[in-house]
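Enquirer: As input, take my_file_28.cif (mmCIF, C-alpha atoms (C1' of nucleotides)):
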```
data_start
loop_
_atom_site.label_atom_id
_atom_site.label_comp_id
_atom_site.auth_asym_id
_atom_site.auth_seq_id
_atom_site.Cartn_x
_atom_site.Cartn_y
_atom_site.Cartn_z
CA MET A 1 41.41 6.45 19.16
CA THR A 2 42.91 9.75 18.18
CA GLU A 3 45.20 11.34 20.62
CA GLU A 4 44.01 14.55 22.16
CA ILE A 5 46.04 16.86 24.30
CA ILE A 6 44.57 18.31 27.44
CA ILE A 7 45.92 21.81 27.91
CA SER A 8 45.79 23.60 31.23
CA THR A 9 46.78 27.23 31.56
CA ILE A 10 47.15 29.50 34.56
CA LYS A 11 47.98 33.17 34.96
CA LYS A 12 50.43 34.38 37.56
CA ASN A 13 51.88 37.86 37.90
CA GLY A 14 50.74 38.74 34.40
CA LEU A 15 52.28 35.67 32.78
CA TYR A 16 50.51 32.67 31.34
CA PHE A 17 51.87 29.16 31.89
CA ALA A 18 50.65 26.13 29.96
CA VAL A 19 51.08 22.41 30.13
CA GLY A 20 49.92 19.74 27.68
CA VAL A 21 49.03 16.21 28.70
CA SER A 22 48.11 13.34 26.42
CA ASN A 23 44.73 11.83 27.15
CA SER A 24 45.83 8.47 25.80
CA THR A 25 48.95 8.02 27.94
CA ASN A 26 48.14 10.49 30.72
CA LYS A 27 51.71 11.72 30.40
CA ILE A 28 52.95 15.25 29.97
CA VAL A 29 54.00 15.90 26.39
CA LYS A 30 54.80 19.62 26.37
CA ILE A 31 55.44 22.56 28.62
CA SER A 32 55.53 26.15 27.40
CA LEU A 33 57.71 28.89 28.74
CA PRO A 34 55.54 31.68 30.11
CA LYS A 35 54.26 34.44 27.89
CA SER A 36 52.15 37.51 28.51
CA ASP A 37 49.63 36.39 25.90
CA GLU A 38 47.44 33.37 26.63
CA GLU A 39 46.89 32.43 22.99
CA GLU A 40 50.63 32.40 22.43
CA VAL A 41 51.41 29.95 25.20
CA ILE A 42 48.67 27.68 23.97
CA SER A 43 49.69 27.86 20.33
CA ALA A 44 53.23 26.91 21.35
CA ILE A 45 51.74 23.52 22.21
CA LEU A 46 49.38 23.36 19.25
CA LYS A 47 52.21 23.55 16.77
CA GLN A 48 52.98 19.95 17.60
CA TYR A 49 49.63 18.79 18.92
CA PRO A 50 46.78 20.38 16.97
CA ASP A 51 44.06 18.22 18.52
CA PHE A 52 43.34 19.58 21.97
CA ILE A 53 40.94 20.30 24.79
CA ILE A 54 41.30 23.13 27.28
CA SER A 55 40.75 22.00 30.83
CA ASP A 56 41.74 22.95 34.33
CA GLU A 57 42.59 19.35 35.11
CA TYR A 58 46.33 19.99 35.30
CA ASN A 59 46.31 23.47 36.80
CA ASP A 60 48.19 22.22 39.87
CA LEU A 61 51.03 21.15 37.67
CA ALA A 62 51.04 24.51 35.89
CA TRP A 63 51.24 26.24 39.27
CA LYS A 64 54.25 24.13 40.20
CA ILE A 65 55.93 25.10 36.95
CA SER A 66 55.32 28.75 37.74
CA ASP A 67 56.99 28.16 41.11
CA ILE A 68 60.07 26.80 39.38
CA TYR A 69 60.04 29.87 37.16
CA GLU A 70 60.28 31.96 40.31
CA GLY A 71 63.29 29.99 41.50
CA LYS A 72 61.65 27.68 43.99
CA GLU A 73 62.90 24.16 44.32
CA VAL A 74 60.09 21.84 43.27
CA ASN A 75 60.29 18.09 42.91
CA ILE A 76 58.26 16.61 40.11
CA ASP A 77 58.31 12.92 39.33
CA LEU A 78 59.75 12.20 35.88
CA GLU A 79 57.25 9.33 35.66
CA MET A 80 54.68 11.95 34.72
CA PHE A 81 56.51 12.77 31.49
CA ASP A 82 56.41 11.02 28.16
CA LEU A 83 60.09 10.15 27.74
CA ARG A 84 59.68 7.51 25.05
CA THR A 85 61.84 7.59 21.97
CA ASP A 86 61.23 5.78 18.76
CA LYS A 87 62.91 6.52 15.46
CA SER A 88 59.82 5.54 13.51
CA ASN A 89 57.55 7.84 15.48
CA ARG A 90 58.52 11.46 15.09
CA GLU A 91 55.45 12.59 16.98
CA LEU A 92 56.87 11.65 20.35
CA PRO A 93 58.13 14.49 22.56
CA LEU A 94 61.69 13.13 22.56
CA LYS A 95 63.12 12.75 19.09
CA SER A 96 66.06 10.46 19.74
CA HIS A 97 67.94 8.40 22.28
CA PHE A 98 70.68 11.03 22.26
CA MET A 99 68.18 13.70 23.20
CA LYS A 100 66.83 11.54 25.98
CA ILE A 101 70.16 10.95 27.67
CA VAL A 102 71.06 14.63 27.33
CA LEU A 103 67.82 15.59 29.07
CA LEU A 104 68.23 12.98 31.79
CA GLU A 105 71.77 14.16 32.45
CA THR A 106 70.51 17.74 32.63
CA CYS A 107 68.03 16.67 35.30
CA LYS A 108 70.94 15.83 37.57
CA ILE A 109 72.09 19.43 37.82
CA PRO A 110 71.10 20.58 41.30
CA HIS A 111 68.98 23.64 41.97
CA GLY A 112 71.20 26.70 42.12
CA LYS A 113 74.07 25.11 40.19
CA VAL A 114 75.13 25.26 36.57
CA GLU A 115 76.83 22.88 34.19
CA THR A 116 78.40 23.43 30.78
CA TYR A 117 77.30 22.04 27.43
CA LYS A 118 80.67 20.42 27.04
CA ASN A 119 80.56 18.78 30.43
CA ILE A 120 77.10 17.39 29.82
CA ALA A 121 78.49 15.77 26.67
CA LYS A 122 81.42 14.38 28.63
CA LYS A 123 79.15 12.92 31.29
CA ILE A 124 77.14 11.01 28.72
CA ASP A 125 80.38 9.79 27.18
CA SER A 126 80.10 11.89 24.05
CA GLN A 127 82.10 14.58 22.28
CA ALA A 128 79.00 16.10 20.75
CA TYR A 129 78.82 19.21 22.90
CA ARG A 130 77.38 21.18 20.07
CA ALA A 131 74.62 18.64 19.58
CA VAL A 132 73.95 18.88 23.31
CA GLY A 133 72.96 22.48 22.66
CA THR A 134 70.62 21.56 19.86
CA ALA A 135 69.09 18.77 21.93
CA LEU A 136 68.43 21.15 24.81
CA ALA A 137 67.01 23.70 22.38
CA LYS A 138 64.29 21.16 21.68
CA ASN A 139 63.63 20.31 25.31
CA PRO A 140 59.85 19.84 25.46
CA PHE A 141 59.87 20.28 29.24
CA PRO A 142 61.68 23.53 30.00
CA LEU A 143 61.90 24.57 33.67
CA ILE A 144 61.12 21.00 34.74
CA ILE A 145 64.14 19.69 32.86
CA PRO A 146 66.45 22.53 33.84
CA CYS A 147 68.12 23.37 30.56
CA HIS A 148 68.47 26.92 31.89
CA ARG A 149 71.23 25.56 34.12
CA VAL A 150 73.44 24.69 31.16
CA VAL A 151 75.87 27.42 30.11
CA LYS A 152 78.86 27.81 27.84
CA SER A 153 82.32 26.57 28.73
CA ASP A 154 83.57 30.09 29.42
CA TYR A 155 80.62 30.50 31.80
CA SER A 156 78.93 33.05 29.63
CA ILE A 157 75.20 32.57 29.72
CA GLY A 158 74.52 31.06 26.29
CA LYS A 159 71.25 31.00 24.46
CA TYR A 160 67.81 30.05 25.72
CA GLY A 161 64.41 29.38 24.21
CA GLY A 162 62.89 32.20 26.24
CA GLY A 163 65.86 34.47 25.54
CA SER A 164 69.08 34.78 27.49
CA GLU A 165 67.55 37.46 29.71
CA MET A 166 65.02 34.93 30.95
CA LYS A 167 67.82 32.41 31.46
CA LYS A 168 69.74 34.88 33.60
CA LYS A 169 66.63 35.71 35.58
CA LEU A 170 65.91 32.05 36.24
CA LEU A 171 69.43 31.42 37.46
CA LYS A 172 69.45 34.53 39.63
CA ASN A 173 66.15 33.48 41.15
CA GLU A 174 67.66 30.21 42.25
CA GLY A 175 70.65 31.91 43.77
CA VAL A 176 73.26 31.70 41.03
CA LYS A 177 75.51 34.77 40.97
CA ILE A 178 75.55 36.50 37.60
CA LYS A 179 77.83 39.32 36.60
CA GLY A 180 77.13 40.90 33.23
CA ASN A 181 76.64 38.03 30.87
CA ASN A 182 78.53 35.48 32.94
CA VAL A 183 77.95 33.09 35.78
CA VAL A 184 80.32 33.84 38.63
CA LYS A 185 82.25 30.71 39.53
CA LYS A 186 82.78 29.89 43.15
"C1'" DT B 1 70.96 10.62 0.95
"C1'" DC B 2 73.53 14.71 1.67
"C1'" DG B 3 74.13 19.34 2.57
"C1'" DA B 4 72.75 22.95 5.75
"C1'" DT B 5 72.00 24.28 10.33
"C1'" DG B 6 72.51 24.99 15.36
"C1'" DG B 7 71.13 27.11 22.91
"C1'" DC B 8 79.01 25.04 21.14
"C1'" DT B 9 84.38 25.26 21.73
"C1'" DT B 10 88.95 26.50 20.79
"C1'" DG B 11 92.51 28.97 18.63
"C1'" DT B 12 94.15 33.13 16.57
"C1'" DA B 13 94.58 38.13 16.13
"C1'" DC C 1 88.34 42.66 26.16
"C1'" DT C 2 85.96 41.47 21.15
"C1'" DA C 3 85.71 39.06 16.45
"C1'" DC C 4 86.04 35.57 13.51
"C1'" DA C 5 87.22 30.99 11.44
"C1'" DA C 6 87.45 26.23 11.68
"C1'" DG C 7 86.04 22.11 13.74
"C1'" DC C 8 82.54 19.44 15.67
"C1'" DC C 9 78.32 16.02 15.67
"C1'" DA C 10 73.26 15.02 15.74
"C1'" DT C 11 69.26 16.46 13.28
"C1'" DC C 12 66.20 18.03 9.50
"C1'" DG C 13 64.53 18.66 4.98
#
```
Once you've parsed the file, please lay out its structure as structure tokens.
Expert:
Amino acid sequence: MTEEIIISTIKKNGLYFAVGVSNSTNKIVKISLPKSDEEEVISAILKQYPDFIISDEYNDLAWKISDIYEGKEVNIDLEMFDLRTDKSNRELPLKSHFMKIVLLETCKIPHGKVETYKNIAKKIDSQAYRAVGTALAKNPFPLIIPCHRVVKSDYSIGKYGGGSEMKKKLLKNEGVKIKGNNVVKK
DNA sequence: TCGATGGCTTGTA
DNA sequence: CTACAAGCCATCG
């Protein structure tokens, strides 16, 4: 059977949130960062998964994601995500084992805390801090896997898929002190 | 397969 | 403080 993606979208405070779930595995395959245009959040998912159905089936999940966006601490079971990797299948959400362990390590960063790209690399026993950045850039589950909590070694904010302004906002919302373009160390 | 390309880091000025 | 170069390593075409 061909894989279809069930997409649920919600609107909150003028922003659209979207989540994509595979109907063959029942696992989440993609989360979009919020946008003010509904078609844009949806097409962010369609780039990878053109075969889709719109449904409100996963609206609850989308609401939870919007809560995280606002800085709330929300626990979501990683079991709900498609975390498979397979070199011969480039269609999977995670493209490599390296990417997987980077994302899992990123999940360990507590709400309201930050970690550096270099330190993430160190924790997974790697020197590839630059590749940590590129792996996080491809994080299919932003907000849930808190790549916004990873900053540069000098504690400047670093880049973000939704722009560094959004990254700063997310961190501020969860209580991280920001001054200018830097996280204030405690 | 191999060069180009990054959500990076460090050193130098 | 800013700017830039060189080094780095996984990924992509």
Enquirer: Please return, as a list in words, all polymer residues that have at least one atom within 8 Å of the point (70.4, 25.2, 40.6); use all atoms listed in the file and the file's own coordinate frame.
Expert: Ile109, Pro110, His111, Gly112, Lys113, Val114, Arg149, Leu171, Glu174, Gly175 and Val176 of chain A
Enquirer: Determine the residue set returned by the PyMOL selection byres ((chain C and resi 4-10) around 9) for the present structure, and present it as a list in words.
Expert: Phe98, Gln127, Ala128, Tyr129, Arg130, Ala131, Val132, Thr134 and Ala135 of chain A; DC8, DT9, DT10 and DT12 of chain B; DA3 and DT11 of chain C
Enquirer: Calculate how many Å separate atom CA of A:Pro34 from atom CA of A:Met166, rounding to one decimal.
Expert: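 Separation of atom CA of A:Pro34 and atom CA of A:Met166: 10.1 Å.
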Enquirer: Please evaluate the PyMOL selection byres ((chain A) within 10 of (chain B)) against the displayed coordinates and give the resulting residues as a list in words.
Expert: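 Residues picked by the PyMOL selection byres ((chain A) within 10 of (chain B)): Thr116, Tyr117, Lys118, Ala128, Tyr129, Arg130, Ala131, Val132, Gly133, Thr134, Ala135, Leu136, Ala137, Lys138, Cys147, His148, Val150, Val151, Lys152, Ser153, Asp154, Ile157, Gly158, Lys159, Tyr160, Gly161, Gly163 and Ser164 of chain A.
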Enquirer: Set the distance at 7 Å and use only C-alpha atoms (C1' of nucleotides): which residues neighbour stretch 10-17 of chain A once local chain neighbours fewer than 3 positions away are removed? I'd like the list as a list in words.
Expert: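 My list of contacting residues is Ser32, Leu33, Pro34, Lys35, Ser36, Asp37, Glu38, Val41, Asn59, Ala62 and Ser66 of chain A.
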Enquirer: Mind giving me the straight-line distance from atom C1' of C:DG13 to atom CA of A:Arg90 in Å, one decimal?
Expert: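 Computing the Euclidean distance for atom C1' of C:DG13 and atom CA of A:Arg90 yields 13.8 Å.
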Enquirer: Any idea what the distance is between atom C1' of C:DC12 and atom CA of A:Lys87?
Expert: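 One can read the atom C1' of C:DC12 to atom CA of A:Lys87 distance as 13.4 Å.
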Enquirer: Considering all atoms listed in the file, can you say which of A:Met99, A:Ile120, A:Leu83, A:Val19 comes closest to chain C?
Expert: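 Residue with the minimum atom-to-atom distance to chain C: A:Met99.
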Enquirer: Measuring between all atoms listed in the file, which one of A:Lys95, A:Asp56, A:Lys27, A:Met80 shows the shortest distance to chain C?
Expert: A:Lys95
